[in-house]
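See below for the structure under consideration.
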Amino acid sequence: MTTKPAAQQLSRMSAGELLSGQPPEWSVPHAMATIRDRVKGQGTHIAVLDDDPTGTQSVHGVPVLTTWESADLRAALRHPSNAFFVLTNSRGRSRPEAAAISQTIATRLADLADELGIDVEAISRSDSTLRGHFPTEIDALQQGFGERGRRYDGVIICPCFLEAGRVTVNDVQWVRVGDQFVPAAGTEFAADATFGYQSSNLRAWVQEKTEGRIPFEEVRSISLADIRNGGPRRVAQLLQEPAGRAVIVNAASYADLEVFVLGLLEAEGAGRRFLYRTGPSFVRVRAGIEPKPVLGPEDIYPDGDRPGSGLVVVGSHAALSTRQLEAAMALGGLHPVELSVPRLLGAGRDDEIDRTVEEVAERLPDSDVVLYTSRDLVRTDDPDESLTLSRSVSSALVDVVARLDRSRPPRFLVAKGGITSSDLATEGLGVRRAEVAGQLLPGAVSVWLLTADSDFPGLPYVIFPGNVGSTETLARVVSILRERPNA
């Protein structure tokens, strides 16, 4: 746990103060407009390979693909937005699968860029608490683009997620827990059975994750002093120097990211090229997407109110998710249906799924329902086996949702957890493309509106990360979704 003075210092630099107060003194006037104009002027398209669906929580008005067929990628590159997301769900896949997906997407994007005469930048969007297949996915992108003759000067690492209190200061990744900031390696996320780590300092984390292939001294850093005192010119200068194989971006406010991206665009204009491994906040700034107010009922239900009741599906086993589940059930009017993990992993799997389907079907027409996996977490010391267990549980939730009566769609559907939300979208709801309407809370909890080619056209599909918010956040989300448009 960090000391109280350090926590107080970080609090003063957090996103909350920036969002509610005046721009800090180091901010650049009209930075976002400048970034947007430069991106559009260069004709750059930004493809975000999202390792679970939660990366859309800082953007709006952009398409999301759940496949990476060339036809779908081509359609996204022709969308009026200059950015789009490709949901790879690679955090829920094995390392070889994750590598194959990233390499395939890279080669297809390079081919399409040549075909359409455009420039494409690739962002590998991953977890702000440092979980995921790094460096595997970056290596695969470099290989895929390299097969088409594209070379990069390094990888930009910027994992901050400002609205959730995930900031990078003095090269250390900090995670806000309550009113304290904790080094990332001191949180529950660092003990992840598949993606655990020991280093909070990102330069040391890169060395740890690459098993020494990229040593500490070859990881460069763009400090807050560089950004706040030197501005875009200093950032551009540092990025044009012989760069390390990885570059850490320190950021504790959107003004920091704006200054960095302005300098980055200048460096790219001078011929530098980078790949990116980032959290959600960087994506919005790099694409020049202005913030949007949180969604109201008219945004969530643009075609008018929908009949029926809502379904909340909780697959995440993070301790925070469990607390949020308990608070949501205290709201009232939310019928609980538990799916037993021990039964799913034993001989009674099919019977347990059948029982759950029947109970959800019986209750959903007349009551909002929360479907959740039992809280007794089953763990193993083998990372691949832990991932397999998670996939097995997620597939059971998918089976339940896939067997919902298509003639009686839910009014809304909330998916809690990264693997859960991805699998429900692609396998339970038949989503191939969607559009991000925006967020229910500032910078968090995205709403996708499903298109006509999905099983439930027009359904508000809510992507709720397992590691975001306070104890009351899920209850707040359910309350918002219960509101009626034009009431």
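Identifiers in this document derive from the order of the structure tokens: chains are assigned A, B, ..., residues are numbered from 1 separately in each chain, and ligands are numbered from 1 in order of occurrence.
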- Message: Give me, as a list of chain:residue names, all polymer residues having an atom no more than 6 Å from Arg277 in chain A, counting only C-alpha atoms and skipping those fewer than 3 positions away in the same chain.
- Response: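 The contact residues come out as A:Ser124, A:Arg125, A:Ile157.
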Writing out the chosen residues with C-alpha atoms as a compact mmCIF listing (two decimals), in the first residue's frame:
```
# COMPACT_ATOMS: atom_id res chain seq x y z
CA SER A 124 -3.30 -3.43 -28.96
CA ARG A 125 -5.77 -2.44 -26.24
CA ILE A 157 3.13 1.45 -23.58
```
- Message: So that I can check the surroundings of Asp368 in chain A, please list as a ChimeraX atom specification every protein, DNA and RNA residue that reaches within 7 Å of it, counting only C-alpha atoms and ignoring chain neighbours fewer than 6 positions away.
- Response: /A:309-311,333-335
- Selection: 8 Å around Glu218 in chain A, only C-alpha atoms, excl. self and same-chain fewer than 2 positions, as a PyMOL selection string: chain A and resi 214-216+220+244-246
Using only C-alpha atoms, which residues of range 178-262 of chain A come within 10 Å of range 455-472 of chain A, and what is the closest atom pair for each, with the distance in Å to one decimal? Give it as a tab-separated table, sorted by chain and residue number.
```
residue	atom	partner	partner_atom	distance
A:Gly178	CA	A:Ser470	CA	7.7
A:Glu188	CA	A:Asn467	CA	9.9
A:Phe189	CA	A:Asn467	CA	8.6
```
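Restricting the calculation to only C-alpha atoms, the smallest distance between His60 in chain A and any of A:Leu440, A:Leu257, A:Leu264, A:Leu389 is found for A:Leu440.
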- Message: Among range 35-116 of chain A, which ones does DSSP assign to helix (DSSP H, G or I) (computed from the backbone)? Answer as JSON, numbers by chain.
- Response: {"A": [35, 36, 37, 38, 39, 40, 41, 42, 53, 54, 55, 56, 57, 58, 70, 71, 72, 73, 74, 75, 76, 77, 90, 91, 92, 95, 96, 97, 98, 99, 100, 101, 102, 103, 104, 105, 106, 107, 108, 109, 110, 111, 112, 113, 114, 115, 116]}
- Query: Taking into account only C-alpha atoms, which residue in the set A:Tyr276, A:Phe260, A:Trp174, A:Trp68 is nearest to Ala122 in chain A?
  - Reply: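 Distance minimum relative to Ala122 in chain A lands on A:Tyr276.
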- Contacts of Ile227 in chain A within 7 Å, only C-alpha atoms, excl. fewer than 5 positions in-chain, as a list in words: Pro232, Val235, Asp256, Val259 and Phe260 of chain A
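Counting only C-alpha atoms, the residue from A:Thr107, A:Ser392, A:Gln42, A:Gln439 that sits nearest to Glu163 in chain A is A:Gln439.
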- Excluding range 30-38 of chain A and any residue of its chain fewer than 3 positions from it, enumerate the residues within 9 Å of it, using only C-alpha atoms, and give them as a list of chain:residue names.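 Counting only the stated atoms, we get A:Ser27, A:Gly41, A:Gln42, A:Gly43, A:Thr44, A:Ala255, A:Glu258, A:Val259, A:Val261, A:Leu262, A:Leu265, A:Val285, A:Arg286, A:Ala287, A:Gly288, A:Ile289, A:Glu290.
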Using N, CA and C atoms, can you export the residues from the last selection as an mmCIF file, in the first residue's frame?
```
data_model
loop_
_atom_site.group_PDB
_atom_site.id
_atom_site.type_symbol
_atom_site.label_atom_id
_atom_site.label_comp_id
_atom_site.auth_asym_id
_atom_site.auth_seq_id
_atom_site.Cartn_x
_atom_site.Cartn_y
_atom_site.Cartn_z
ATOM 1 N N SER A 27 -1.916 22.206 -20.035
ATOM 2 C CA SER A 27 -2.740 21.739 -21.156
ATOM 3 C C SER A 27 -2.529 22.633 -22.384
ATOM 4 N N GLY A 41 -6.787 14.736 -41.498
ATOM 5 C CA GLY A 41 -6.011 15.288 -42.604
ATOM 6 C C GLY A 41 -5.014 14.291 -43.162
ATOM 7 N N GLN A 42 -4.453 13.458 -42.303
ATOM 8 C CA GLN A 42 -3.506 12.434 -42.747
ATOM 9 C C GLN A 42 -4.213 11.215 -43.324
ATOM 10 N N GLY A 43 -5.546 11.153 -43.141
ATOM 11 C CA GLY A 43 -6.285 9.995 -43.616
ATOM 12 C C GLY A 43 -5.972 8.730 -42.854
ATOM 13 N N THR A 44 -5.564 8.888 -41.606
ATOM 14 C CA THR A 44 -5.177 7.745 -40.789
ATOM 15 C C THR A 44 -6.406 7.047 -40.216
ATOM 16 N N ALA A 255 -5.021 15.842 -19.987
ATOM 17 C CA ALA A 255 -4.114 16.858 -20.530
ATOM 18 C C ALA A 255 -2.742 16.257 -20.810
ATOM 19 N N GLU A 258 -3.074 14.322 -24.056
ATOM 20 C CA GLU A 258 -3.202 15.215 -25.207
ATOM 21 C C GLU A 258 -1.846 15.776 -25.619
ATOM 22 N N VAL A 259 -1.052 16.207 -24.635
ATOM 23 C CA VAL A 259 0.285 16.717 -24.938
ATOM 24 C C VAL A 259 1.124 15.623 -25.582
ATOM 25 N N VAL A 261 0.148 12.930 -27.282
ATOM 26 C CA VAL A 261 -0.298 12.578 -28.630
ATOM 27 C C VAL A 261 0.063 13.668 -29.634
ATOM 28 N N LEU A 262 -0.004 14.930 -29.241
ATOM 29 C CA LEU A 262 0.433 15.995 -30.145
ATOM 30 C C LEU A 262 1.899 15.824 -30.511
ATOM 31 N N LEU A 265 2.241 12.738 -32.869
ATOM 32 C CA LEU A 265 1.868 13.021 -34.256
ATOM 33 C C LEU A 265 2.981 13.780 -34.978
ATOM 34 N N VAL A 285 -7.988 9.640 -27.086
ATOM 35 C CA VAL A 285 -7.178 10.804 -27.441
ATOM 36 C C VAL A 285 -6.477 10.583 -28.777
ATOM 37 N N ARG A 286 -5.910 9.396 -28.979
ATOM 38 C CA ARG A 286 -5.185 9.129 -30.240
ATOM 39 C C ARG A 286 -6.124 9.248 -31.444
ATOM 40 N N ALA A 287 -7.389 8.898 -31.258
ATOM 41 C CA ALA A 287 -8.358 8.980 -32.351
ATOM 42 C C ALA A 287 -9.004 10.351 -32.458
ATOM 43 N N GLY A 288 -8.731 11.239 -31.512
ATOM 44 C CA GLY A 288 -9.317 12.579 -31.560
ATOM 45 C C GLY A 288 -10.805 12.595 -31.271
ATOM 46 N N ILE A 289 -11.270 11.681 -30.415
ATOM 47 C CA ILE A 289 -12.694 11.593 -30.089
ATOM 48 C C ILE A 289 -12.979 12.433 -28.849
ATOM 49 N N GLU A 290 -13.822 13.433 -29.005
ATOM 50 C CA GLU A 290 -14.176 14.295 -27.869
ATOM 51 C C GLU A 290 -15.010 13.501 -26.856
#
```
- Item | Residues near range 131-145 of chain A, cut-off 10 Å, only C-alpha atoms, skip fewer than 5 positions along chain, as a PyMOL selection string | chain A and resi 49+51-52+90-111+122-126+150-152+154-155+189-192+194-197+206+209-211+274-277
- Closest of A:Leu112, A:Val283, A:Ala327, A:Val357 to Phe161 in chain A, counting only C-alpha atoms, is A:Val283
- Query: Between A:Pro442, A:Pro342, A:Gly428, A:Pro307, which has the minimum distance to Pro410 in chain A (counting only C-alpha atoms)?
  - Reply: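 Once distances to Pro410 in chain A are computed over only C-alpha atoms, the minimum belongs to A:Pro307.
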- Please measure the separation of CA of Thr322 in chain A and CA of Arg375 in chain A, giving the value in Å to one decimal. 7.3 Å
- Message: From the options A:Thr67, A:Ser223, A:Asn486, A:Asn82, which residue's atoms come nearest to Gly296 in chain A, counting only C-alpha atoms?
- Response: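 Ranked by minimum distance to Gly296 in chain A, first place goes to A:Asn486.
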